[in-house]
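This report refers to the structure that appears directly beneath it.
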Amino acid sequence: MKKLVIIAIAAGALFSSCSSKDSGNPLLSEWNTPYGIPPFQDIKMEHYMPAFLEGMKQHNAQIQDIINNPKEADFENTIVAYDNSGALLRKISPVFSSLNSVNSSPEVLALAKELSPLISKHYNEISLNDSLFKRVKFVYDKLETLNLNPEQIRLLTEMYKGFVRSGAELSSDKKEELKEINAQISAQQLAFGQNLLAETANYKLVVDNEADLVGLSDALKKAAKRDENDPEYAGKWVFGLDNPTIIPFLQQSENRELRKEIQNAYLNRCNNDNEYDNKNVIKKLITLRLQRANILGFENFADYQLENRMAKTTDAVYGLLNQIWIPALAAAKNELADMTVIAKADNKEIDKLEAYDWRFYFEKAMASKFDLSDNQLRPYFKLENVREGIFYVANQLYGITFTQLNNVPVPHPEAVAFECKDADGSLLGVLFMDMFARPGAKNGGAWCGGFRSQVYENGERVAPLVTIVGNFTRPAGDQPALLSTDEVETCFHEFGHALASLLKDVHYYGVGGMTRDFVELPSQIMEHWAFEPEVLKVYAKHYETDEVIPQQLVDKLEKASKYGQGFATTEYLAASFLDMDYHILKSIPEDIDVLKFEEDALSKLGLISQIPPRYRSTYFSHSFGGGYTAGYYSYIWAEVLDSDAYQAFVETGDIFNKEVASKFRKEVLARAGQDEAMTLYVNFRGQEPGIDALLKNRGLK
Ligand SMILES: [Zn+2]
């Protein structure tokens with residue numbers, strides 16, 4: 001396999017000088033599949049490089065056509081033409097990034113490493129192309145005289161600002177410098193993620209004495225047990241650092257030493273001074289990002305990032321984080337006090353609770369306070385039932401339906417496809433769900449992606465292809481996948497992102513995206529329906545008896561849901577502060593010590609030692625892998641919005657109020673990036689949001 005890839009890359013390198021299109025390459029052919037789904041099963045590793053090279057070549061030719069157009073630049077021949085350019089790359093990139101994130105292998109990682117600088121250079125060259133920018137600016141300067149509709153004005157304005165933010169107005173020297181910095185940033189971000197994937201996959205907690213497994217559920221033990229044919233670990237139990245393993249392990253294991261060992265391994269990922277260490281990567285990244293911000297006229301990288309977000313300023317971000325931090329930390333300290341009492345009664349030797357005790361005694365506190373445990377609930381949350389519940393909520397709100405599709409290509413054999421139709425029966429799009437953890441091959445966490453965006457082409461609506469990916473507990477033996485309440489919530493969350501993609505109704509690619517701190521509104525609002533009694537009644541059915549979750553358990557769940565928010569809010573906020581703190585630096589000392597910086601940032605907050613930040617620096621992908629840089633705060637920022645927005649339903653006395661739902665769809669989901677986020681929000685709600693609903697929801701008020 002490895003050999004084949006090397007040949008493919010070499011062949012790919014030759015391809016740019018050879019113009020023939022490989023008709024045998026499915027990435028370069030028309031996709032005559034149902035719904036135009038990528039023909040995943042036909043695509044081989046060797047197809048990617050030539051397709052990307054061809055995609056970049058075509059894109060460059062399209063840019064040249066725009067520049068060389070003898071006619072004066074106008075909205076159609078420049079703005080729309082640029083918005084549409086790069087169709088082949090738009091078609092094939094998501095296929096590769098899906099492979100890279102859900103079914104990776106050393107070969108895929110090697111290709112990603114090869115492709116990443118090429119692609120980053122390609123887009124860099126375009127965004128810093130003088131002749132192209134001149135034409136865009138020419139149209140932008142005439143904006144007032146053009147007869148454009150609001151969506152077109154938005155497209156033009158955002159496109160112009162995008163060029164400026166990329167450095168289009170810089171001198172040519174500075175442009176060259178910026179290109180080099182950008183290339184290094186993407187290489188370092190990629191390295192960060194690849195190190196993390198490797199460190200997570202490499203760790204194994206091997207247990208050979210069954211007595212050490214005391215407390216663990218049968219499902220967890222079964223999943224960890226290696227069979228007799230395993231060459232290395234026959235008959236032993238092997239636990240990894242993926243969430244579906246480590247979280248229940250920490251909740252259940254009575255063996256304090258083993259909890260300590262696995263938790264420490266988790267907290268020190270990419271901090272082991274080996275080839276996968278990320279401390280140096282972080283140093284390089286914060287330095288490069290600051291350089292980038294400075295060249296573009298900003299004092300620090302956070303200012304640059306926030307300029308076109310909803311929050312706008314670092315003050316606004318810190319203001320919100322600080323406001324929630326105080327009640328959150330107080331609640332966490334109360335939880336710690338509770339758990340310490342329980343721990344001391346349970347184990348005389350425990351003097352002080354440690355981080356690796358938290359989840360274990362939290363489970364015990366839940367059991368003693370509310371007579372409730374994760375294991376009591378899981379049987380009611382079979383994955384397929386949860387999915388039905390989600391579809392039910394979407395149907396109640398928007399009248400849309402989901403029907404499973406068989407015999408269509410899927411991104412991974414474990415993925416399931418659904419056709420989504422609007423209330424009038426018209427096709428909205430296709431949704432894939434690929435929910436189980438595949439340590440080493442699939443990135444951690446959960447996310448929503450896609451293979452094609454909604455837009456209009458020649459007046460026809462393009463139906464989006466959307467995918468939800470999770471790392472959930474897979475079926476073990478004859479037991480189906482039974483989700484934890486966290487996993488149920490995650491399912492609703494990612495589905496909310498999917499809904500935003502399916503219900504979007506924009507005419508240009510350039511206005512199809514929401515800003516980082518607004519994009520979590522559609523996802524997080526969905527979480528509010530997950531545990532509403534009238535929703536649970538529909539989907540929370542025991543996997544063996546089909547019995548609906550007893551009301552008494554629902555009541556307990558409702559009461560218990562606020563408990564633990566001190567911990568959850570604190571660990572999240574700590575990571576948000578950390579992400580901001582790195583990126584507000586106006587200078588970076590040559591000898592900056594990442595671990596010391598982290599320690600200082602956290603102790604300044606008064607964070608208690610029992611709560612590590614949700615992500616420590618060396619595995620903080622959101623911040624250092626890119627995507628959420630100076631943006632991890634976005635979840636709580638958007639939670640202000642979603643808590644307030646959900647009140648719009650609650651206030652009517654009907655959580656499925658169709659009028660409110662239709663307004664939310666029309667003013668927020670359909671419009672996506674067509675206007676400033678706050679404008680969209682106020683159009684829906686009639687006023688800006690306050691933080692009261694959030695504090696109340698989290699039980700912090
Ligand atoms: Zn999200």
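Chain labels A, B, ... are given in the sequence in which chains occur in the structure tokens; within each chain residues are numbered consecutively from 1, and ligands are likewise numbered from 1 in the order shown.
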Using only C-alpha atoms, which protein or nucleic acid residues come within 12 Å of A:Gly444? Drop anything in the same chain fewer than 3 positions from it, and give the result as a short mmCIF file (atom, residue, chain, number, x, y, z; two decimals) with N, CA, C and O atoms, in the first residue's frame.
data_model
loop_
_atom_site.label_atom_id
_atom_site.label_comp_id
_atom_site.auth_asym_id
_atom_site.auth_seq_id
_atom_site.Cartn_x
_atom_site.Cartn_y
_atom_site.Cartn_z
N SER A 101 -10.32 12.79 8.06
CA SER A 101 -10.79 12.90 9.44
C SER A 101 -11.57 11.68 9.92
O SER A 101 -11.66 11.47 11.12
N VAL A 102 -12.11 10.86 9.01
CA VAL A 102 -12.89 9.72 9.51
C VAL A 102 -12.27 8.36 9.21
O VAL A 102 -12.69 7.35 9.77
N ASN A 103 -11.31 8.31 8.29
CA ASN A 103 -10.74 7.00 7.93
C ASN A 103 -9.27 7.17 7.57
O ASN A 103 -8.84 6.79 6.49
N SER A 104 -8.55 7.74 8.51
CA SER A 104 -7.17 8.08 8.22
C SER A 104 -6.27 6.86 8.30
O SER A 104 -6.65 5.81 8.80
N GLY A 193 -2.18 18.69 14.74
CA GLY A 193 -3.24 17.68 14.69
C GLY A 193 -2.70 16.28 14.49
O GLY A 193 -3.18 15.32 15.10
N GLN A 194 -1.67 16.16 13.65
CA GLN A 194 -1.13 14.83 13.39
C GLN A 194 -0.42 14.29 14.63
O GLN A 194 -0.51 13.10 14.93
N LEU A 196 -1.24 14.92 17.67
CA LEU A 196 -2.29 14.56 18.62
C LEU A 196 -2.93 13.23 18.25
O LEU A 196 -3.17 12.37 19.11
N LEU A 197 -3.18 13.05 16.98
CA LEU A 197 -3.77 11.79 16.52
C LEU A 197 -2.84 10.64 16.90
O LEU A 197 -3.26 9.61 17.43
N ALA A 198 -1.54 10.82 16.67
CA ALA A 198 -0.57 9.76 16.95
C ALA A 198 -0.48 9.49 18.45
O ALA A 198 -0.54 8.33 18.88
N THR A 200 -2.63 10.06 20.79
CA THR A 200 -3.86 9.47 21.31
C THR A 200 -3.92 7.99 20.94
O THR A 200 -4.28 7.14 21.76
N ALA A 201 -3.52 7.68 19.72
CA ALA A 201 -3.60 6.29 19.26
C ALA A 201 -2.53 5.42 19.91
O ALA A 201 -2.74 4.24 20.15
N LEU A 241 -7.31 6.27 24.91
CA LEU A 241 -7.63 7.63 25.38
C LEU A 241 -8.81 8.25 24.62
O LEU A 241 -9.09 9.43 24.77
N ASP A 242 -9.50 7.46 23.80
CA ASP A 242 -10.68 8.00 23.12
C ASP A 242 -11.79 8.23 24.14
O ASP A 242 -11.88 7.51 25.14
N ASN A 243 -12.61 9.23 23.89
CA ASN A 243 -13.64 9.60 24.87
C ASN A 243 -14.57 8.47 25.29
O ASN A 243 -14.87 8.36 26.47
N PRO A 244 -15.08 7.66 24.35
CA PRO A 244 -16.00 6.60 24.78
C PRO A 244 -15.33 5.59 25.71
O PRO A 244 -16.01 4.79 26.35
N THR A 245 -14.01 5.59 25.80
CA THR A 245 -13.34 4.70 26.73
C THR A 245 -12.96 5.43 28.02
O THR A 245 -13.32 5.01 29.12
N MET A 435 -21.37 7.54 13.34
CA MET A 435 -21.35 7.92 14.76
C MET A 435 -20.35 7.20 15.67
O MET A 435 -20.18 7.60 16.81
N PHE A 436 -19.72 6.13 15.21
CA PHE A 436 -18.91 5.35 16.17
C PHE A 436 -17.43 5.71 16.15
O PHE A 436 -16.87 6.05 15.12
N ALA A 437 -16.81 5.57 17.32
CA ALA A 437 -15.38 5.88 17.46
C ALA A 437 -14.55 4.85 16.69
O ALA A 437 -14.86 3.66 16.68
N ARG A 438 -13.52 5.32 16.02
CA ARG A 438 -12.54 4.43 15.39
C ARG A 438 -11.16 4.98 15.74
O ARG A 438 -10.53 5.68 14.96
N PRO A 439 -10.72 4.69 16.97
CA PRO A 439 -9.47 5.30 17.44
C PRO A 439 -8.33 5.09 16.45
O PRO A 439 -8.17 4.00 15.92
N GLY A 440 -7.57 6.13 16.24
CA GLY A 440 -6.43 6.03 15.32
C GLY A 440 -6.79 6.36 13.89
O GLY A 440 -5.95 6.82 13.12
N ALA A 441 -8.06 6.12 13.51
CA ALA A 441 -8.47 6.39 12.13
C ALA A 441 -9.37 7.62 12.05
O ALA A 441 -9.39 8.34 11.06
N TRP A 447 -18.49 16.32 14.96
CA TRP A 447 -18.58 17.51 14.13
C TRP A 447 -19.57 17.30 12.99
O TRP A 447 -20.03 16.18 12.76
N VAL A 469 -20.61 13.48 12.19
CA VAL A 469 -19.65 12.47 12.62
C VAL A 469 -19.53 12.51 14.13
O VAL A 469 -19.50 13.58 14.73
N GLY A 470 -19.52 11.33 14.74
CA GLY A 470 -19.39 11.27 16.19
C GLY A 470 -18.35 10.24 16.60
O GLY A 470 -17.78 9.54 15.75
N ASN A 471 -18.09 10.16 17.89
CA ASN A 471 -17.19 9.15 18.44
C ASN A 471 -17.92 8.46 19.57
O ASN A 471 -17.48 8.46 20.72
N PHE A 472 -19.06 7.88 19.23
CA PHE A 472 -19.92 7.34 20.29
C PHE A 472 -19.59 5.89 20.59
O PHE A 472 -18.94 5.19 19.82
N TYR A 619 -2.87 19.72 23.61
CA TYR A 619 -3.85 18.99 22.78
C TYR A 619 -5.10 19.84 22.51
O TYR A 619 -6.19 19.33 22.33
N PHE A 620 -4.89 21.15 22.51
CA PHE A 620 -6.01 22.07 22.31
C PHE A 620 -6.17 22.33 20.80
O PHE A 620 -5.81 23.37 20.28
N SER A 621 -6.76 21.34 20.13
CA SER A 621 -6.90 21.42 18.67
C SER A 621 -7.72 22.61 18.21
O SER A 621 -7.45 23.19 17.17
N HIS A 622 -8.78 22.92 18.98
CA HIS A 622 -9.62 24.05 18.57
C HIS A 622 -8.76 25.30 18.36
O HIS A 622 -8.95 26.04 17.42
#
- Message: Any residue with an atom at most 7 Å from ligand 1 counts, using only C-alpha atoms and all ligand atoms. Which are they? Put them as a list in words.
- Response: Trp447, His493, Glu494, His497, Glu520 and Ser523 of chain A
If you keep N, CA and C atoms, can you produce a file of those selected residues as a PDB file, in the first residue's frame?
ATOM      1  N   TRP A 447     -18.493  16.323  14.964  1.00  0.00           N
ATOM      2  CA  TRP A 447     -18.578  17.508  14.129  1.00  0.00           C
ATOM      3  C   TRP A 447     -19.570  17.297  12.989  1.00  0.00           C
ATOM      4  N   HIS A 493     -26.915  18.401  19.047  1.00  0.00           N
ATOM      5  CA  HIS A 493     -26.071  19.537  18.685  1.00  0.00           C
ATOM      6  C   HIS A 493     -25.630  19.448  17.219  1.00  0.00           C
ATOM      7  N   GLU A 494     -25.008  18.324  16.871  1.00  0.00           N
ATOM      8  CA  GLU A 494     -24.489  18.208  15.499  1.00  0.00           C
ATOM      9  C   GLU A 494     -25.631  18.223  14.486  1.00  0.00           C
ATOM     10  N   HIS A 497     -26.394  21.701  13.517  1.00  0.00           N
ATOM     11  CA  HIS A 497     -25.532  22.212  12.441  1.00  0.00           C
ATOM     12  C   HIS A 497     -26.030  21.697  11.091  1.00  0.00           C
ATOM     13  N   GLU A 520     -22.702  28.444  16.286  1.00  0.00           N
ATOM     14  CA  GLU A 520     -23.138  27.494  17.309  1.00  0.00           C
ATOM     15  C   GLU A 520     -24.577  27.765  17.788  1.00  0.00           C
ATOM     16  N   SER A 523     -26.842  24.963  16.358  1.00  0.00           N
ATOM     17  CA  SER A 523     -26.562  23.649  16.932  1.00  0.00           C
ATOM     18  C   SER A 523     -27.005  23.599  18.389  1.00  0.00           C
TER      19      SER A 523
END
- Message: Need to verify the contact set: stretch 574-578 of chain A, 8 Å, only C-alpha atoms, exclusion of same-chain residues closer than 5 positions in sequence. Can you return it as an NGL selection string?
- Response: :A and (318 or 321 or 598 or 601-602 or 605 or 607 or 613-617 or 631-633)
- Filtered DSSP result for stretch 79-280 of chain A, state alpha helix (DSSP H), as an MDAnalysis selection string: chainID A and resid 81:84 87:102 106:127 130:141 150:166 172:202 218:224 243:252 256:267 279:280
- Could you check how far atom CA of A:Leu695 sits from atom CA of A:Ile636, in Å to one decimal?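 Pair atom CA of A:Leu695 / atom CA of A:Ile636 returns 10.8 Å.
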- Counting only C-alpha atoms, the residue among A:Arg256, A:Arg474, A:Lys421, A:Lys174 that lies closest to A:Asp212 is A:Arg256
